[in-house]
Each structure stands twice: as structure tokens, then as C-alpha cells.
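Below is one structure, written out as C-alpha cells; comments come after it.
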Amino acid sequence: MVHRVALPLTVLGLAATLATACGGSAPPTTTAKPTGPTAANALPTGAPLATPGERMAYRLALQGMDLATYELAVGTVEDVGGKHAIVVQSHAKAVGLVKMVANIDDTFTSWIDTSNGRSLRWLTDEYATKSDDKERTLARIADRTGTSVPVEFHLNDAAPTAEPQTVSLAETWDYNAFLIALRSWEGAPGSAFVAEVFRSRFLWHVAMKIGGKTKLVTELGELPALRLDGHAYKLDRKGGRASDDERDFTIWISDDAGRVPLQVTARTDYGDVVMKIVDYAPGK
């Protein structure tokens, strides 16, 4: 099975991981934050736009050098606490010379409520930075109580420890569920919202805005696309801002019936990390 959550934050995370592995830390970006009317949790409610067997494959590159591959796959429907949930998984893996400086072979799994598209559970398996240690995080989003989401973390075969996450918004997302929901997001240019999204072990504050419609040249051909601009920063376990580090990214989603994520660009002071689609299977 393949997994990894939301494409935008995944690209940001890989950019930060690769910068650290190469001996530096990615400085804050300086592009403008999304502005305009903003609503919390404005994503549509309904069955998620995800078909069993659907698969998307991407290539990540920085200044023409391939960094990693990324796959997003939709699995079957399972029971999670009495609710029907579709499994969405993603997988990122370093390629070429990057494997010498960054141990990236990470898997992320989401269970998404088929009735409303919301996150129920989030599981990550990934290597620690510059290490062969394997980190596993389980966020039981459906078991949220008030402003606290139960999170369990353990390293290798050690017993899991509780790391409850404080949240401030009415809904909590994970990478994969967030991306699937963005596929259904509609609105006029400038429409915006904010969300709290799990990436790996931590929660991020994410502001999104619709940029407008355009054409995008991909390996699948030139396609109509909807541009979404994002601005994100990491939160600590108490729900406060973890640092001054901010990240900006742009997502292009095909403006057709498929609503396929086509490209993600994460801006860093080392250049743009670009993730482009290279293959797509629609599922059944």
C-alpha cells in the first residue's frame, strides 16, 4: 500500500528535510500571504472525491535535479468506529544522489469518512531525519474530545507515548483528506479559508486561497487548471505557533470532471521544489 497525505504540505516537508540533510535549514519564505475574505473550515461537506483503485504518481525536483517520487493511492472502504471510511495512502521516496543525504522512504495512511469527507484517523511511518530510526504516529482524529486530539508516537519498537494535540478550529484534517477535499473546492477567485492539518507528527496552520483558472502543461498534456495558493506554519502540541518559519506553496488541480492534482510548487530560499504529475489511473 502507498501513502502520504496532502501533497502541498508533503512537498514543504520534503523541502525542509532535504535542506536539513544537506547541512542547512530552510529559511522562512518571503512571498505574500493569502489575503481576502477567510472562513474557517470552508471545505465542502459530502462524499470524498476519491475512487477505489485511483492512483496518481509524481516526480519532485529542485532546479532540474530529481529529488524523490511521490504516489497517492485510493484503497478500499473499511470500518472505523462504526463509520465507513475510504483508505487513502501516499508514499514518498528519495531517488538518485538525494538518497545519500536524506533517508526518505515514508508512508502515510488516512481513513476518510465516506459520508462527509472528513478525517477519522491518520497514521504515519517515516524515517527520522539523518537516521535509520523509524517513527510512527497515530492521530485518532475521530476520537477528539473538545479541543484535544489523541496522538500516539513511538520510535522503532518502543512502547507508544501519548502526545495529545490541542486544536483551535472546529475541524481537524490530515494531509490526504485535505488534498481530497481540495479537489471539490469551488469558489470565485480570492475565496479563502483556514484549516489545521496534520503533516507527519505535527499539526500545521494552513491558509488557502483560490487564485483563478489557467492552462498547465504536464506530461499528460496541456490541461485546464485551477490554481490554489497556500501559506502554512507549524503548531506546537499546545496549538500555539511553533516558530517563525513560514512556508508558501501553490497547487494546480485540473479544471475538469476528474479534478486531479497536477502540480505543487513549494517556494524556498533554495529555489522552488516542484512536484509534477507523471501518471494517473482513474480507478473503478
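Chain identifiers are assigned as A, B, and so on, following the order in which chains appear in the C-alpha cells; residues are numbered from 1 within each chain, and ligands are numbered from 1 in order of appearance.
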As a count of residues only, please: all residues of region 42-233 of chain A that backbone DSSP puts in strand (DSSP E or B). 112
**Report entry** For Leu155 (chain A): contacts at 8 Å, only C-alpha atoms, fewer than 4 positions along chain excluded, given as number ranges by chain
**Finding:** A: 133-136, 159-160
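Of the listed residues A:Glu126, A:Asp229, A:Asp106, A:Glu54, the one whose atoms come nearest to Leu72 (chain A) is A:Glu54, with distances taken using only C-alpha atoms.
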Practice task
Please run DSSP on the backbone and report, as JSON, numbers by chain, all residues within region 135-283 of chain A that come out as helix (DSSP H, G or I).
Solution key: {"A": [141, 142, 143, 175, 176, 177, 178, 179, 180, 181, 182, 183]}
Residues of the last selection are to be written out with N, CA and C atoms, as a PDB file, in the first residue's frame.
```pdb
ATOM      1  N   ILE A 141      -8.244  11.203  15.056  1.00  0.00           N
ATOM      2  CA  ILE A 141      -8.978  12.456  14.882  1.00  0.00           C
ATOM      3  C   ILE A 141     -10.452  12.296  15.236  1.00  0.00           C
ATOM      4  N   ALA A 142     -11.034  11.140  14.931  1.00  0.00           N
ATOM      5  CA  ALA A 142     -12.453  10.915  15.228  1.00  0.00           C
ATOM      6  C   ALA A 142     -12.719  10.838  16.721  1.00  0.00           C
ATOM      7  N   ASP A 143     -11.687  10.606  17.527  1.00  0.00           N
ATOM      8  CA  ASP A 143     -11.852  10.494  18.978  1.00  0.00           C
ATOM      9  C   ASP A 143     -11.564  11.813  19.687  1.00  0.00           C
ATOM     10  N   TYR A 175      -3.155  15.326   5.909  1.00  0.00           N
ATOM     11  CA  TYR A 175      -2.683  15.594   4.542  1.00  0.00           C
ATOM     12  C   TYR A 175      -3.590  15.048   3.456  1.00  0.00           C
ATOM     13  N   ASN A 176      -3.809  13.736   3.508  1.00  0.00           N
ATOM     14  CA  ASN A 176      -4.538  13.085   2.415  1.00  0.00           C
ATOM     15  C   ASN A 176      -5.971  13.569   2.328  1.00  0.00           C
ATOM     16  N   ALA A 177      -6.659  13.617   3.460  1.00  0.00           N
ATOM     17  CA  ALA A 177      -8.051  14.059   3.470  1.00  0.00           C
ATOM     18  C   ALA A 177      -8.155  15.509   3.014  1.00  0.00           C
ATOM     19  N   PHE A 178      -7.171  16.320   3.385  1.00  0.00           N
ATOM     20  CA  PHE A 178      -7.158  17.732   2.997  1.00  0.00           C
ATOM     21  C   PHE A 178      -7.047  17.871   1.480  1.00  0.00           C
ATOM     22  N   LEU A 179      -6.138  17.113   0.882  1.00  0.00           N
ATOM     23  CA  LEU A 179      -5.973  17.175  -0.568  1.00  0.00           C
ATOM     24  C   LEU A 179      -7.229  16.701  -1.290  1.00  0.00           C
ATOM     25  N   ILE A 180      -7.795  15.592  -0.821  1.00  0.00           N
ATOM     26  CA  ILE A 180      -9.014  15.082  -1.452  1.00  0.00           C
ATOM     27  C   ILE A 180     -10.131  16.126  -1.376  1.00  0.00           C
ATOM     28  N   ALA A 181     -10.238  16.813  -0.230  1.00  0.00           N
ATOM     29  CA  ALA A 181     -11.264  17.846  -0.083  1.00  0.00           C
ATOM     30  C   ALA A 181     -11.006  19.029  -1.018  1.00  0.00           C
ATOM     31  N   LEU A 182      -9.727  19.374  -1.227  1.00  0.00           N
ATOM     32  CA  LEU A 182      -9.410  20.487  -2.124  1.00  0.00           C
ATOM     33  C   LEU A 182      -9.848  20.186  -3.555  1.00  0.00           C
ATOM     34  N   ARG A 183      -9.934  18.926  -3.922  1.00  0.00           N
ATOM     35  CA  ARG A 183     -10.366  18.563  -5.261  1.00  0.00           C
ATOM     36  C   ARG A 183     -11.799  19.027  -5.515  1.00  0.00           C
TER      37      ARG A 183
END
```
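Taking only C-alpha atoms into account, Arg144 (chain A) lies nearest to A:Ser168 out of the set A:Thr124, A:Thr69, A:Ser131, A:Ser168.
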- Rounded to one decimal place, report the CA of Thr107 (chain A)-CA of Leu123 (chain A) distance in Å.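 Distance reported for this atom pair: 8.4 Å.
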Residues of region 56-164 of chain A that have any atom at most 12 Å from an atom of region 251-267 of chain A: could you tabulate them with the shortest-distance atom pair and the distance in Å to one decimal, using only C-alpha atoms, ordered by chain and increasing number, as a Markdown table?
```
| residue | atom | partner | partner_atom | distance |
| --- | --- | --- | --- | --- |
| A:Met56 | CA | A:Val260 | CA | 8.4 |
| A:Ala57 | CA | A:Leu262 | CA | 9.8 |
| A:Tyr58 | CA | A:Gln263 | CA | 8.3 |
| A:Arg59 | CA | A:Gln263 | CA | 9.5 |
| A:Leu60 | CA | A:Val264 | CA | 9.1 |
| A:Ala61 | CA | A:Thr265 | CA | 9.8 |
| A:Leu62 | CA | A:Ala266 | CA | 9.9 |
| A:Gln63 | CA | A:Arg267 | CA | 11.7 |
| A:Tyr70 | CA | A:Val264 | CA | 11.6 |
| A:Glu71 | CA | A:Pro261 | CA | 11.7 |
| A:Leu72 | CA | A:Pro261 | CA | 10.2 |
```
Could you write those residues out with N, CA and C atoms, as an mmCIF file, in the first residue's frame?
```cif
data_model
loop_
_atom_site.group_PDB
_atom_site.id
_atom_site.type_symbol
_atom_site.label_atom_id
_atom_site.label_comp_id
_atom_site.auth_asym_id
_atom_site.auth_seq_id
_atom_site.Cartn_x
_atom_site.Cartn_y
_atom_site.Cartn_z
ATOM 1 N N MET A 56 -2.212 8.207 -8.424
ATOM 2 C CA MET A 56 -1.504 9.339 -9.020
ATOM 3 C C MET A 56 -0.022 9.218 -8.684
ATOM 4 N N ALA A 57 0.830 9.450 -9.682
ATOM 5 C CA ALA A 57 2.275 9.371 -9.478
ATOM 6 C C ALA A 57 2.912 10.699 -9.855
ATOM 7 N N TYR A 58 3.908 11.124 -9.054
ATOM 8 C CA TYR A 58 4.543 12.426 -9.229
ATOM 9 C C TYR A 58 6.060 12.317 -9.134
ATOM 10 N N ARG A 59 6.714 13.329 -9.698
ATOM 11 C CA ARG A 59 8.167 13.459 -9.588
ATOM 12 C C ARG A 59 8.474 14.798 -8.934
ATOM 13 N N LEU A 60 9.372 14.797 -7.930
ATOM 14 C CA LEU A 60 9.784 16.031 -7.274
ATOM 15 C C LEU A 60 11.167 16.429 -7.742
ATOM 16 N N ALA A 61 11.352 17.727 -8.007
ATOM 17 C CA ALA A 61 12.646 18.204 -8.488
ATOM 18 C C ALA A 61 12.934 19.594 -7.922
ATOM 19 N N LEU A 62 14.207 19.883 -7.796
ATOM 20 C CA LEU A 62 14.683 21.200 -7.368
ATOM 21 C C LEU A 62 15.734 21.659 -8.361
ATOM 22 N N GLN A 63 15.460 22.766 -9.061
ATOM 23 C CA GLN A 63 16.378 23.316 -10.053
ATOM 24 C C GLN A 63 16.840 22.243 -11.043
ATOM 25 N N TYR A 70 6.676 10.401 -5.597
ATOM 26 C CA TYR A 70 5.548 10.501 -4.681
ATOM 27 C C TYR A 70 4.354 9.830 -5.327
ATOM 28 N N GLU A 71 3.657 8.999 -4.573
ATOM 29 C CA GLU A 71 2.472 8.336 -5.090
ATOM 30 C C GLU A 71 1.309 8.518 -4.122
ATOM 31 N N LEU A 72 0.141 8.675 -4.689
ATOM 32 C CA LEU A 72 -1.082 8.775 -3.900
ATOM 33 C C LEU A 72 -2.046 7.732 -4.439
#
```
* Which residues come within 6 Å of Ser191 (chain A), counting only C-alpha atoms, excluding same-chain residues fewer than 4 positions away, as a VMD selection string? -> chain A and resid 187 209 to 210
Of A:Ala162, A:Val151, A:Ala195, A:Leu67, the one nearest to Val95 (chain A) when counting only C-alpha atoms is A:Leu67
CA of Thr76 (chain A) to CA of Arg55 (chain A) measures 12.6 Å
task: Give the answer as one residue: which of A:Tyr127, A:Ser119, A:Ala73, A:Ala225 has the shortest atom-to-atom distance to Asp105 (chain A), using only C-alpha atoms?
output: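 Nearest to Asp105 (chain A): A:Tyr127.
Among the candidates A:Asp248, A:Glu163, A:Glu152, A:Asp66, the residue lying nearest to Asp236 (chain A) is A:Glu163 (atoms considered: only C-alpha atoms).
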Find the spatial neighbours of region 42-45 of chain A, counting only C-alpha atoms, within a cut-off of 8 Å - ignore same-chain residues fewer than 5 positions away - and output them as a PDB file with N, CA and C atoms, in the first residue's frame.
```
ATOM      1  N   ASN A 116     -18.971  12.427   4.701  1.00  0.00           N
ATOM      2  CA  ASN A 116     -18.736  13.883   4.716  1.00  0.00           C
ATOM      3  C   ASN A 116     -17.336  14.307   4.284  1.00  0.00           C
ATOM      4  N   GLY A 117     -16.429  13.345   4.010  1.00  0.00           N
ATOM      5  CA  GLY A 117     -15.092  13.679   3.539  1.00  0.00           C
ATOM      6  C   GLY A 117     -14.121  14.108   4.624  1.00  0.00           C
ATOM      7  N   ARG A 118     -14.500  13.959   5.898  1.00  0.00           N
ATOM      8  CA  ARG A 118     -13.652  14.416   6.994  1.00  0.00           C
ATOM      9  C   ARG A 118     -12.695  13.322   7.483  1.00  0.00           C
ATOM     10  N   ALA A 181     -10.238  16.813  -0.230  1.00  0.00           N
ATOM     11  CA  ALA A 181     -11.264  17.846  -0.083  1.00  0.00           C
ATOM     12  C   ALA A 181     -11.006  19.029  -1.018  1.00  0.00           C
ATOM     13  N   LEU A 182      -9.727  19.374  -1.227  1.00  0.00           N
ATOM     14  CA  LEU A 182      -9.410  20.487  -2.124  1.00  0.00           C
ATOM     15  C   LEU A 182      -9.848  20.186  -3.555  1.00  0.00           C
ATOM     16  N   SER A 184     -12.592  19.125  -4.458  1.00  0.00           N
ATOM     17  CA  SER A 184     -14.005  19.506  -4.605  1.00  0.00           C
ATOM     18  C   SER A 184     -14.256  20.973  -4.290  1.00  0.00           C
ATOM     19  N   TRP A 185     -13.210  21.711  -3.918  1.00  0.00           N
ATOM     20  CA  TRP A 185     -13.411  23.104  -3.501  1.00  0.00           C
ATOM     21  C   TRP A 185     -13.724  23.983  -4.711  1.00  0.00           C
ATOM     22  N   ALA A 192     -11.304  32.174   0.216  1.00  0.00           N
ATOM     23  CA  ALA A 192     -10.233  31.697   1.094  1.00  0.00           C
ATOM     24  C   ALA A 192     -10.801  31.021   2.335  1.00  0.00           C
ATOM     25  N   PHE A 193      -9.960  30.220   2.980  1.00  0.00           N
ATOM     26  CA  PHE A 193     -10.318  29.617   4.255  1.00  0.00           C
ATOM     27  C   PHE A 193      -9.041  29.233   4.985  1.00  0.00           C
ATOM     28  N   VAL A 194      -9.183  28.906   6.268  1.00  0.00           N
ATOM     29  CA  VAL A 194      -8.044  28.429   7.047  1.00  0.00           C
ATOM     30  C   VAL A 194      -8.382  27.053   7.611  1.00  0.00           C
TER      31      VAL A 194
END
```
Using only C-alpha atoms, pick whichever of A:Ile112, A:Ala207, A:Ala68, A:Val77 has the shortest atom-to-atom distance to His91 (chain A).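 Between A:Ile112, A:Ala207, A:Ala68, A:Val77, the residue approaching His91 (chain A) most closely is A:Ala68.
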